[in-house]
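Enquirer: Coordinates in entry_26.cif, mmCIF, C-alpha atoms and all ligand atoms, are listed below.
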```
data_protein
loop_
_atom_site.label_atom_id
_atom_site.label_comp_id
_atom_site.auth_asym_id
_atom_site.auth_seq_id
_atom_site.Cartn_x
_atom_site.Cartn_y
_atom_site.Cartn_z
CA VAL A 1 299.45 88.65 23.41
CA LYS A 2 303.21 89.04 22.84
CA ALA A 3 305.67 86.21 22.25
CA ILE A 4 309.17 85.68 20.85
CA VAL A 5 308.66 83.67 17.68
CA TYR A 6 311.10 81.98 15.29
CA GLU A 7 309.93 80.91 11.83
CA LYS A 8 313.29 79.59 10.58
CA TYR A 9 316.47 78.13 12.06
CA GLY A 10 319.35 80.51 12.66
CA GLY A 11 321.11 82.69 15.22
CA PRO A 12 319.44 85.02 17.77
CA GLU A 13 318.70 87.46 14.89
CA VAL A 14 315.84 85.22 13.66
CA LEU A 15 313.92 85.76 16.92
CA GLU A 16 311.01 88.20 16.48
CA LEU A 17 308.64 89.82 18.97
CA LYS A 18 305.12 89.17 17.59
CA ASP A 19 301.45 89.18 18.54
CA VAL A 20 300.09 85.63 18.84
CA PRO A 21 296.68 84.30 19.93
CA LYS A 22 296.28 83.89 23.71
CA PRO A 23 296.52 80.15 24.46
CA VAL A 24 293.44 78.37 25.81
CA ALA A 25 293.84 75.86 28.64
CA GLY A 26 292.62 72.28 28.05
CA ASP A 27 290.81 70.32 30.77
CA ASN A 28 294.07 69.09 32.31
CA GLU A 29 295.99 72.36 31.90
CA VAL A 30 296.36 75.72 33.59
CA LEU A 31 296.84 79.04 31.83
CA VAL A 32 299.81 80.89 33.33
CA LYS A 33 300.62 84.60 33.01
CA ILE A 34 304.40 84.41 32.68
CA HIS A 35 306.56 86.83 34.70
CA ALA A 36 310.02 85.40 33.96
CA VAL A 37 311.66 82.74 31.79
CA SER A 38 315.30 81.59 31.62
CA ILE A 39 317.43 80.38 28.72
CA ASN A 40 318.73 76.82 28.49
CA ASP A 41 321.06 74.98 26.14
CA TRP A 42 318.03 73.36 24.49
CA ASP A 43 316.68 76.77 23.44
CA LEU A 44 319.91 77.55 21.63
CA ALA A 45 320.16 74.08 20.06
CA LEU A 46 316.56 74.20 18.76
CA LEU A 47 317.04 77.78 17.53
CA ASP A 48 320.13 77.08 15.44
CA GLY A 49 318.90 73.69 14.19
CA THR A 50 322.42 72.53 13.31
CA SER A 51 321.83 69.07 14.81
CA PHE A 52 320.07 66.68 12.42
CA VAL A 53 318.79 64.67 15.40
CA ASN A 54 317.18 67.81 16.87
CA ARG A 55 315.62 68.63 13.49
CA LEU A 56 313.97 65.19 13.46
CA ILE A 57 312.17 66.30 16.63
CA SER A 58 311.63 69.98 15.92
CA GLY A 59 310.99 70.01 12.15
CA LEU A 60 313.27 69.03 9.26
CA PHE A 61 313.11 72.30 7.26
CA LYS A 62 311.52 74.78 9.64
CA PRO A 63 310.55 74.72 13.31
CA LYS A 64 307.17 73.15 14.13
CA LYS A 65 306.94 74.77 17.58
CA LYS A 66 307.68 78.42 17.02
CA ILE A 67 307.99 79.65 20.61
CA LEU A 68 310.99 78.41 22.62
CA GLY A 69 311.56 78.67 26.37
CA SER A 70 311.04 75.96 28.98
CA ASP A 71 311.97 77.20 32.47
CA PHE A 72 309.39 79.75 33.51
CA ALA A 73 307.61 81.29 36.48
CA GLY A 74 304.24 83.02 36.63
CA THR A 75 300.73 83.30 38.08
CA ILE A 76 297.85 80.96 37.26
CA GLU A 77 295.05 82.82 35.50
CA GLU A 78 292.71 79.95 34.50
CA VAL A 79 292.42 76.27 35.47
CA GLY A 80 291.05 73.40 33.37
CA LYS A 81 288.22 71.32 34.86
CA ASP A 82 290.46 68.31 35.72
CA ILE A 83 293.06 70.36 37.64
CA THR A 84 293.27 69.33 41.30
CA GLN A 85 296.53 70.73 42.69
CA PHE A 86 296.36 74.41 41.71
CA LYS A 87 293.91 77.31 41.73
CA ILE A 88 293.67 80.74 40.10
CA GLY A 89 296.20 83.15 41.60
CA ASP A 90 298.80 80.49 42.57
CA GLU A 91 302.39 81.50 41.83
CA VAL A 92 304.11 78.60 40.11
CA TYR A 93 307.27 77.65 38.24
CA GLY A 94 308.52 74.69 36.23
CA ASP A 95 310.19 73.15 33.20
CA LEU A 96 308.17 72.80 29.97
CA SER A 97 310.86 70.72 28.17
CA GLY A 98 309.41 69.14 25.05
CA GLN A 99 306.40 71.46 25.02
CA TRP A 100 308.24 74.83 25.15
CA GLY A 101 306.35 78.12 24.73
CA GLY A 102 307.90 80.04 27.65
CA PHE A 103 309.23 83.06 25.69
CA ALA A 104 305.78 84.63 25.82
CA GLU A 105 303.30 86.48 28.01
CA TYR A 106 301.09 83.39 28.46
CA VAL A 107 301.50 79.61 28.30
CA CYS A 108 299.31 76.59 29.04
CA ALA A 109 300.93 73.90 31.18
CA ASN A 110 300.05 70.50 32.57
CA GLU A 111 300.04 70.53 36.37
CA LYS A 112 302.76 67.85 36.39
CA ALA A 113 305.17 70.46 35.00
CA LEU A 114 304.55 72.88 37.88
CA ALA A 115 305.57 73.47 41.46
CA LYS A 116 304.30 76.18 43.81
CA LYS A 117 306.76 79.05 44.11
CA PRO A 118 307.73 80.00 47.68
CA ASN A 119 306.37 83.51 48.49
CA THR A 120 309.82 84.88 49.23
CA MET A 121 311.31 83.62 45.94
CA SER A 122 311.19 86.18 43.11
CA PHE A 123 309.79 85.10 39.73
CA GLN A 124 313.25 85.71 38.21
CA GLU A 125 314.94 83.42 40.75
CA ALA A 126 312.26 80.78 40.21
CA ALA A 127 312.61 80.86 36.41
CA ALA A 128 316.37 80.27 36.75
CA ILE A 129 315.92 77.06 38.75
CA PRO A 130 314.14 74.20 36.94
CA GLN A 131 316.58 72.48 34.55
CA ALA A 132 319.84 73.68 36.07
CA ALA A 133 319.11 73.00 39.74
CA VAL A 134 317.35 69.70 39.00
CA LEU A 135 320.31 68.51 36.87
CA ALA A 136 322.64 69.42 39.76
CA VAL A 137 320.50 67.45 42.25
CA GLN A 138 320.21 64.41 39.97
CA GLY A 139 323.93 64.53 39.09
CA LEU A 140 325.29 64.99 42.62
CA ILE A 141 322.73 63.13 44.74
CA ASP A 142 320.85 60.55 42.60
CA LEU A 143 323.77 59.40 40.42
CA GLY A 144 326.83 60.86 42.19
CA LYS A 145 325.68 59.71 45.66
CA MET A 146 327.96 62.33 47.22
CA LYS A 147 328.78 61.97 50.91
CA ALA A 148 329.99 64.40 53.58
CA GLY A 149 333.75 64.81 53.61
CA GLU A 150 334.18 63.95 49.93
CA LYS A 151 335.94 66.07 47.34
CA LEU A 152 334.02 67.17 44.24
CA LEU A 153 335.23 68.81 41.03
CA ILE A 154 332.74 70.64 38.80
CA ASN A 155 333.97 71.19 35.23
CA GLY A 156 332.25 74.16 33.55
CA ALA A 157 330.92 75.43 36.87
CA GLY A 158 330.12 79.05 35.99
CA GLY A 159 326.68 78.44 34.43
CA GLY A 160 323.40 77.24 35.89
CA VAL A 161 324.24 73.66 36.89
CA GLY A 162 327.54 74.61 38.53
CA THR A 163 326.26 77.54 40.57
CA TYR A 164 323.47 75.41 42.09
CA GLY A 165 325.82 72.41 42.33
CA ILE A 166 328.35 74.22 44.55
CA GLN A 167 325.61 75.25 46.98
CA ILE A 168 324.05 71.76 47.12
CA ALA A 169 327.50 70.21 47.68
CA ASN A 170 328.19 72.63 50.55
CA ILE A 171 324.89 71.72 52.21
CA HIS A 172 326.04 68.06 52.11
CA GLY A 173 329.47 68.85 53.59
CA VAL A 174 331.28 68.19 50.30
CA GLU A 175 334.32 70.30 49.33
CA THR A 176 334.13 71.71 45.81
CA THR A 177 336.82 72.60 43.27
CA VAL A 178 335.51 74.44 40.23
CA VAL A 179 336.89 74.75 36.69
CA ASP A 180 335.90 77.71 34.51
CA SER A 181 337.31 80.87 32.92
CA GLU A 182 338.90 83.58 35.08
CA PRO A 183 336.04 86.17 34.99
CA LYS A 184 333.72 83.68 36.73
CA LEU A 185 336.00 82.46 39.50
CA ASP A 186 335.31 85.25 42.05
CA MET A 187 331.56 84.66 41.75
CA LEU A 188 332.14 80.89 42.17
CA ARG A 189 334.17 81.47 45.36
CA GLN A 190 331.31 83.64 46.67
CA MET A 191 328.91 80.77 45.98
CA GLY A 192 331.06 78.56 48.22
CA ALA A 193 333.69 76.92 45.97
CA LYS A 194 336.77 76.05 48.03
CA HIS A 195 339.26 75.86 45.14
CA THR A 196 339.14 77.39 41.66
CA ILE A 197 340.93 76.41 38.46
CA ASP A 198 341.14 78.70 35.41
CA TYR A 199 341.03 76.23 32.52
CA GLN A 200 342.93 78.66 30.30
CA LYS A 201 345.95 78.51 32.64
CA GLU A 202 345.77 75.10 34.28
CA ASP A 203 344.76 71.61 33.16
CA PHE A 204 342.83 69.99 36.03
CA THR A 205 343.42 66.52 34.54
CA LYS A 206 347.17 66.96 35.00
CA ASN A 207 347.37 68.39 38.49
CA ARG A 208 347.97 65.96 41.33
CA GLN A 209 344.63 66.37 43.09
CA GLU A 210 342.20 63.45 43.26
CA TYR A 211 338.43 63.69 43.62
CA ASP A 212 335.66 61.35 44.78
CA LEU A 213 333.25 62.83 42.26
CA ILE A 214 333.42 64.86 39.05
CA LEU A 215 330.29 66.67 37.81
CA ASP A 216 330.72 67.80 34.20
CA THR A 217 328.70 70.26 32.10
CA LYS A 218 331.22 70.32 29.21
CA THR A 219 332.30 66.69 28.59
CA ASN A 220 335.30 67.99 26.68
CA ARG A 221 337.99 65.51 27.86
CA SER A 222 338.61 61.78 27.41
CA VAL A 223 337.57 59.14 29.94
CA ILE A 224 341.25 58.47 30.67
CA GLU A 225 341.89 62.14 31.46
CA TYR A 226 338.93 62.25 33.87
CA PHE A 227 339.99 58.96 35.48
CA ASN A 228 343.51 60.39 36.07
CA VAL A 229 342.06 62.62 38.78
CA LEU A 230 339.41 60.28 40.22
CA LYS A 231 340.03 58.28 43.42
CA PRO A 232 339.93 54.46 42.97
CA ASN A 233 336.18 54.23 43.80
CA GLY A 234 335.34 57.62 42.34
CA ALA A 235 332.55 58.49 39.92
CA TYR A 236 332.43 60.73 36.87
CA VAL A 237 328.94 62.14 36.21
CA THR A 238 328.13 64.19 33.13
CA VAL A 239 325.02 66.26 32.52
CA GLY A 240 325.94 67.23 28.96
CA GLY A 241 328.42 68.88 26.65
CA SER A 242 330.15 67.43 23.58
CA MET A 243 327.70 65.00 21.93
CA GLY A 244 330.58 63.05 20.34
CA LYS A 245 332.22 62.46 23.72
CA LEU A 246 328.89 61.57 25.36
CA PHE A 247 328.30 58.94 22.69
CA GLN A 248 331.83 57.56 23.19
CA PHE A 249 331.25 57.31 26.95
CA LEU A 250 327.98 55.41 26.37
CA LEU A 251 329.77 52.90 24.11
CA LEU A 252 332.78 52.52 26.42
CA ARG A 253 330.82 52.19 29.66
CA PRO A 254 330.27 48.39 29.63
CA PHE A 255 334.01 47.78 29.06
CA ILE A 256 335.19 50.33 31.64
CA SER A 257 333.62 48.29 34.46
CA LEU A 258 335.77 45.28 33.46
CA PHE A 259 338.99 47.15 34.27
CA THR A 260 338.28 49.61 37.08
CA LYS A 261 335.95 50.42 39.97
CA LYS A 262 335.73 54.01 38.73
CA LYS A 263 332.33 54.76 37.23
CA VAL A 264 330.97 56.81 34.34
CA LYS A 265 327.37 58.02 34.70
CA ILE A 266 325.19 60.13 32.40
CA VAL A 267 322.28 62.17 33.77
CA MET A 268 319.03 61.81 31.84
CA LEU A 269 317.04 64.73 33.20
CA LYS A 270 313.81 63.90 35.01
CA PRO A 271 312.17 67.33 34.64
CA ASN A 272 310.71 68.98 37.76
CA LYS A 273 311.34 65.91 39.99
CA ASP A 274 313.31 67.82 42.63
CA LEU A 275 311.57 71.21 42.76
CA ALA A 276 309.98 70.44 46.16
CA TYR A 277 313.48 69.73 47.56
CA ILE A 278 314.84 72.96 46.00
CA ASN A 279 311.92 74.87 47.60
CA GLU A 280 312.91 73.43 51.01
CA LEU A 281 316.52 74.55 50.53
CA TYR A 282 315.37 77.98 49.38
CA GLU A 283 313.04 78.46 52.34
CA ALA A 284 315.87 77.44 54.69
CA GLY A 285 318.06 80.15 53.09
CA GLN A 286 320.50 77.53 51.75
CA ILE A 287 320.25 78.13 48.01
CA ARG A 288 319.93 81.10 45.70
CA SER A 289 320.01 81.76 41.95
CA VAL A 290 322.83 83.62 40.22
CA ILE A 291 321.25 85.79 37.51
CA ASP A 292 323.13 87.65 34.79
CA GLY A 293 321.72 90.87 33.30
CA HIS A 294 318.26 92.42 33.08
CA TYR A 295 316.41 91.33 29.97
CA THR A 296 312.80 91.66 28.79
CA LEU A 297 310.87 90.08 25.90
CA GLU A 298 311.97 93.09 23.80
CA THR A 299 315.66 92.32 24.48
CA THR A 300 315.46 88.51 24.17
CA LYS A 301 317.83 88.59 21.15
CA GLU A 302 320.53 90.22 23.28
CA ALA A 303 319.88 87.73 26.09
CA MET A 304 320.25 84.84 23.63
CA GLU A 305 323.43 86.38 22.19
CA LEU A 306 324.97 86.54 25.67
CA PHE A 307 323.95 82.92 26.34
CA ALA A 308 325.42 81.80 23.00
CA THR A 309 328.85 83.24 23.88
CA ALA A 310 328.75 81.34 27.24
CA ARG A 311 330.15 84.47 28.94
CA HIS A 312 327.08 84.64 31.22
CA LYS A 313 327.46 84.00 34.95
CA GLY A 314 324.84 81.62 36.37
CA LYS A 315 321.56 81.91 34.46
CA VAL A 316 320.27 84.37 31.85
CA VAL A 317 316.70 85.34 32.80
CA ILE A 318 314.13 87.32 30.78
CA SER A 319 311.54 89.30 32.74
CA VAL A 320 308.09 89.31 31.13
CA LEU A 321 306.21 92.34 32.38
N1 LIG B 401 321.25 65.39 30.67
C1 LIG B 401 320.15 65.99 30.31
O1 LIG B 401 319.07 65.37 30.23
C2 LIG B 401 320.19 67.47 30.03
C3 LIG B 401 319.02 68.26 29.93
C4 LIG B 401 319.16 69.63 29.74
C5 LIG B 401 320.44 70.19 29.60
N2 LIG B 401 321.54 69.38 29.66
C6 LIG B 401 322.92 69.90 29.55
O2 LIG B 401 323.31 70.45 30.79
C7 LIG B 401 324.33 71.40 30.56
C8 LIG B 401 323.89 72.71 31.17
O3 LIG B 401 324.90 73.25 31.89
P1 LIG B 401 324.86 74.80 32.27
O4 LIG B 401 323.49 75.35 32.05
O5 LIG B 401 325.46 74.95 33.59
O6 LIG B 401 325.81 75.36 31.08
P2 LIG B 401 326.36 76.81 30.85
O7 LIG B 401 325.50 77.81 31.56
O8 LIG B 401 326.60 76.94 29.39
O9 LIG B 401 327.79 76.76 31.62
C9 LIG B 401 328.89 76.06 31.16
C10 LIG B 401 330.16 76.75 31.66
O10 LIG B 401 331.31 76.08 31.13
C11 LIG B 401 332.32 77.04 30.87
N3 LIG B 401 333.31 76.50 29.94
C12 LIG B 401 333.43 76.70 28.60
N4 LIG B 401 334.47 76.01 28.11
C13 LIG B 401 335.02 75.36 29.16
C14 LIG B 401 336.14 74.49 29.28
N5 LIG B 401 336.90 74.15 28.23
N6 LIG B 401 336.43 73.99 30.49
C15 LIG B 401 335.68 74.30 31.58
N7 LIG B 401 334.61 75.15 31.52
C16 LIG B 401 334.29 75.66 30.33
C17 LIG B 401 331.53 78.24 30.35
O11 LIG B 401 332.22 79.46 30.55
P3 LIG B 401 333.32 80.15 29.57
O12 LIG B 401 332.84 79.91 28.17
O13 LIG B 401 333.33 81.60 29.98
O14 LIG B 401 334.58 79.49 29.88
C18 LIG B 401 330.30 78.21 31.25
O15 LIG B 401 330.50 78.99 32.43
C19 LIG B 401 324.49 71.56 29.07
O16 LIG B 401 325.59 70.78 28.65
C20 LIG B 401 323.19 70.97 28.54
O17 LIG B 401 323.30 70.47 27.24
C21 LIG B 401 321.41 68.06 29.88
#
```
For this file, write the structure as C-alpha cells.

Expert:
Amino acid sequence: VKAIVYEKYGGPEVLELKDVPKPVAGDNEVLVKIHAVSINDWDLALLDGTSFVNRLISGLFKPKKKILGSDFAGTIEEVGKDITQFKIGDEVYGDLSGQWGGFAEYVCANEKALAKKPNTMSFQEAAAIPQAAVLAVQGLIDLGKMKAGEKLLINGAGGGVGTYGIQIANIHGVETTVVDSEPKLDMLRQMGAKHTIDYQKEDFTKNRQEYDLILDTKTNRSVIEYFNVLKPNGAYVTVGGSMGKLFQFLLLRPFISLFTKKKVKIVMLKPNKDLAYINELYEAGQIRSVIDGHYTLETTKEAMELFATARHKGKVVISVL
C-alpha cells in the first residue's frame, strides 16, 4: 500500500511516496482505509527535526516513526477481537498524536482515538477537525470559561484553531476580534468574526480595546503586552506558538497571581475528548471546516510547503483516494 515516508529530517522535499506493508490490526485496534488526512504543526516540527526535545522523542539522528500524519478520517476495514465500539464499514475520524501514520492509505488505530463521523460530514471536513477544533474547545470552554456577552480576541486566527474558535464563540454568544494577515481577514469575517485586525498594520496590544478572553495560537508577545488589553478579571489562554515565550509564561505564572486577577493559562491538548460535542455542532449546522487547496498523497510535498509558509487558510487537507 502507498504511504508518504520520511527517512531523514529536513524540509518537505524529504517526503517520498513509497510502497509499505499493509498494517495488521492488533486485538485492540481497527484497520482503517484512510480517505483524508490533515496537516498539523506537529507534522512539520517532526519533519524538520530542528528541536532537540522533539528529537529525543522521535529519534536523535533519524526518525523512528517514518510516516507522519495524525488527524485522519476513513472507513473501518477490519476490527481486532477486543473492539467493542466499532464494526467493519463504520466511517470514523480522530487524532493519532504520538502514534502518527496518517499520511498513508491504511492505518491501525486504537478505538479510543476514534469517533464516528456524521453521515453528512465529508471525510475531508472530518480530517480537518481533530486537533484544531478540540484545541479551540479546550481553550475557549474548558480553560477560557467564556460566557455570553463577553469579548474575545483570537491572535493568529486564520488557521485551524482560529476558524473553529470563531464559530464556537459565536454559538456561545461571544463577540470575536481576530488578528491575522490581510489575505485571511475576509474569510474570517465570513466565519463570523465581528472585528478584524491586520497585524502588519495595527498592533492589537496598543489599541484601546479590552477583552475578557484572549485565545492565542502564536504566543509572540510578552505577558505585559497581552495584559494591556485584558479586562481586570480577564484570561489569556495559549494553545501554542513560540516555545521560548511559552516557557517564560510557565515560569512567570505563579508570580503573576500575586499581583493581578488576570490569568495566564496553557492548553495541554486532551486528544479526541471533544469530538462528540463537535459532531453535535456539525449536525446542528453550527460548525464547518475551512479547507485550503486540493491535495492528494502524490502532492503531499506541495501541501506541506503551503503549510510551512503559514499562508494557508483554515486547514490543509490531503485526500487519499
Ligand atoms: N497545546 C497543545 O497541546 C497543542 C497540541 C497541538 C498543537 N498545538 C499548537 O496549536 C497551534 C495550532 O494553531 P493553528 O493550527 O491554528 O495554526 P496555523 O494554522 O499555523 O495558524 C496560525 C495563524 O497565525 C498567523 N500569524 C502568523 N504570524 C502572526 C502574527 N505575528 N500575528 C498574528 N497572526 C499571525 C498565520 O498567518 P500568516 O502567516 O499569513 O500571518 C496563521 O493564519 C500551534 O501553535 C501548535 O503548535 C498545541

Enquirer: In Å to one decimal, how far is atom CA of A:Thr75 from atom CA of A:Met191?

Expert: 29.4 Å

Enquirer: Which stretch 168-190 of chain A residues have any atom within 12 Å of an atom of stretch 282-288 of chain A, and for each, what is the nearest pair of atoms with distance in Å to one decimal, counting only C-alpha atoms, rows sorted by chain and number, as CSV?

Expert:
```
residue,atom,partner,partner_atom,distance
A:Ile168,CA,A:Ile287,CA,7.5
A:Ala169,CA,A:Ile287,CA,10.7
A:Asn170,CA,A:Gln286,CA,9.2
A:Ile171,CA,A:Gln286,CA,7.3
A:His172,CA,A:Gln286,CA,11.0
A:Gln190,CA,A:Arg288,CA,11.7
```

Enquirer: Would you place a box with edges along x, y and z of the file around all atoms of stretch 305-314 of chain A listed there, add 5 Å to each of its six sides, and report the centre and edge lengths in Å to one decimal, as AutoDock Vina command-line options?

Expert:
```
--center_x 326.8 --center_y 83.9 --center_z 29.3 --size_x 16.7 --size_y 15.2 --size_z 24.2
```

Enquirer: Of the candidates A:Tyr226, A:Trp42, A:Phe247, A:Phe61, which shows the shortest atom-to-atom distance to ligand LIG 401 (chain B), using all atoms listed in the file?

Expert: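 Comparing A:Tyr226, A:Trp42, A:Phe247, A:Phe61 against ligand LIG 401 (chain B), the winner is A:Trp42.
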
Enquirer: Mind running chain A against ligand LIG 401 (chain B) at 6 Å and telling me each contacting residue's nearest atom pair with the distance in Å (one decimal), counting all atoms listed in the file, chain and number ascending, as JSON lines?

Expert:
```
{"residue": "A:Asp41", "atom": "CA", "partner": "B:LIG401", "partner_atom": "C20", "distance": 5.1}
{"residue": "A:Ala132", "atom": "CA", "partner": "B:LIG401", "partner_atom": "O4", "distance": 5.7}
{"residue": "A:Asn155", "atom": "CA", "partner": "B:LIG401", "partner_atom": "C15", "distance": 5.1}
{"residue": "A:Gly156", "atom": "CA", "partner": "B:LIG401", "partner_atom": "O10", "distance": 3.2}
{"residue": "A:Ala157", "atom": "CA", "partner": "B:LIG401", "partner_atom": "C10", "distance": 5.4}
{"residue": "A:Gly158", "atom": "CA", "partner": "B:LIG401", "partner_atom": "O15", "distance": 3.6}
{"residue": "A:Gly159", "atom": "CA", "partner": "B:LIG401", "partner_atom": "O7", "distance": 3.2}
{"residue": "A:Gly160", "atom": "CA", "partner": "B:LIG401", "partner_atom": "O5", "distance": 3.8}
{"residue": "A:Val161", "atom": "CA", "partner": "B:LIG401", "partner_atom": "O5", "distance": 3.7}
{"residue": "A:Gly162", "atom": "CA", "partner": "B:LIG401", "partner_atom": "O5", "distance": 5.4}
{"residue": "A:Val179", "atom": "CA", "partner": "B:LIG401", "partner_atom": "C15", "distance": 5.3}
{"residue": "A:Asp180", "atom": "CA", "partner": "B:LIG401", "partner_atom": "N7", "distance": 4.1}
{"residue": "A:Ser181", "atom": "CA", "partner": "B:LIG401", "partner_atom": "O14", "distance": 4.3}
{"residue": "A:Tyr199", "atom": "CA", "partner": "B:LIG401", "partner_atom": "N6", "distance": 5.5}
{"residue": "A:Thr217", "atom": "CA", "partner": "B:LIG401", "partner_atom": "O16", "distance": 4.7}
{"residue": "A:Lys218", "atom": "CA", "partner": "B:LIG401", "partner_atom": "O16", "distance": 5.7}
{"residue": "A:Val239", "atom": "CA", "partner": "B:LIG401", "partner_atom": "N1", "distance": 4.3}
{"residue": "A:Gly240", "atom": "CA", "partner": "B:LIG401", "partner_atom": "O16", "distance": 3.6}
{"residue": "A:Gly241", "atom": "CA", "partner": "B:LIG401", "partner_atom": "O16", "distance": 4.0}
{"residue": "A:Val267", "atom": "CA", "partner": "B:LIG401", "partner_atom": "N1", "distance": 4.6}
{"residue": "A:Met268", "atom": "CA", "partner": "B:LIG401", "partner_atom": "O1", "distance": 3.9}
{"residue": "A:Leu269", "atom": "CA", "partner": "B:LIG401", "partner_atom": "O1", "distance": 3.7}
{"residue": "A:Ala310", "atom": "CA", "partner": "B:LIG401", "partner_atom": "O12", "distance": 4.4}
{"residue": "A:Arg311", "atom": "CA", "partner": "B:LIG401", "partner_atom": "O13", "distance": 4.4}
```

Enquirer: Could you tell me which of A:Asn279, A:Asn233, A:Thr309, A:Asn54 comes closest to A:Thr120 if we count all atoms listed in the file?

Expert: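 Selected residue with least distance to A:Thr120: A:Asn279.
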
Enquirer: Can you pull out the residues contacting A:Ile224? Cut-off 12 Å, using all atoms listed in the file, and skip same-chain residues under 5 positions away; I want them as a PDB file with C-alpha atoms, in the frame of the given file.

Expert:
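Contents of result-v6.pdb, freshly written:
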```pdb
ATOM      1  CA  THR A 205     343.420  66.520  34.540  1.00  0.00           C
ATOM      2  CA  LYS A 206     347.170  66.960  35.000  1.00  0.00           C
ATOM      3  CA  VAL A 229     342.060  62.620  38.780  1.00  0.00           C
ATOM      4  CA  LEU A 230     339.410  60.280  40.220  1.00  0.00           C
ATOM      5  CA  TYR A 236     332.430  60.730  36.870  1.00  0.00           C
ATOM      6  CA  PHE A 249     331.250  57.310  26.950  1.00  0.00           C
ATOM      7  CA  LEU A 252     332.780  52.520  26.420  1.00  0.00           C
ATOM      8  CA  ILE A 256     335.190  50.330  31.640  1.00  0.00           C
ATOM      9  CA  THR A 260     338.280  49.610  37.080  1.00  0.00           C
ATOM     10  CA  LYS A 262     335.730  54.010  38.730  1.00  0.00           C
ATOM     11  CA  LYS A 263     332.330  54.760  37.230  1.00  0.00           C
ATOM     12  CA  VAL A 264     330.970  56.810  34.340  1.00  0.00           C
TER      13      VAL A 264
END
```

Enquirer: Using all atoms listed in the file, which protein or nucleic acid residues come within 9 Å of A:Gly69? Drop anything in the same chain fewer than 3 positions from it, and give the result as a PDB file with C-alpha atoms, in the coordinates of the input.

Expert:
```
ATOM      1  CA  VAL A  37     311.660  82.740  31.790  1.00  0.00           C
ATOM      2  CA  SER A  38     315.300  81.590  31.620  1.00  0.00           C
ATOM      3  CA  ILE A  39     317.430  80.380  28.720  1.00  0.00           C
ATOM      4  CA  ASN A  40     318.730  76.820  28.490  1.00  0.00           C
ATOM      5  CA  TRP A  42     318.030  73.360  24.490  1.00  0.00           C
ATOM      6  CA  ASP A  43     316.680  76.770  23.440  1.00  0.00           C
ATOM      7  CA  PHE A  72     309.390  79.750  33.510  1.00  0.00           C
ATOM      8  CA  ASP A  95     310.190  73.150  33.200  1.00  0.00           C
ATOM      9  CA  LEU A  96     308.170  72.800  29.970  1.00  0.00           C
ATOM     10  CA  SER A  97     310.860  70.720  28.170  1.00  0.00           C
ATOM     11  CA  GLN A  99     306.400  71.460  25.020  1.00  0.00           C
ATOM     12  CA  TRP A 100     308.240  74.830  25.150  1.00  0.00           C
ATOM     13  CA  GLY A 101     306.350  78.120  24.730  1.00  0.00           C
ATOM     14  CA  GLY A 102     307.900  80.040  27.650  1.00  0.00           C
ATOM     15  CA  PHE A 103     309.230  83.060  25.690  1.00  0.00           C
ATOM     16  CA  ALA A 104     305.780  84.630  25.820  1.00  0.00           C
TER      17      ALA A 104
END
```

Enquirer: So, with all atoms listed in the file as the atoms that count, which of A:Val134, A:Val1, A:Ile278, A:Val14 lies closest to A:Leu47?

Expert: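 Once distances to A:Leu47 are computed over all atoms listed in the file, the minimum belongs to A:Val14.
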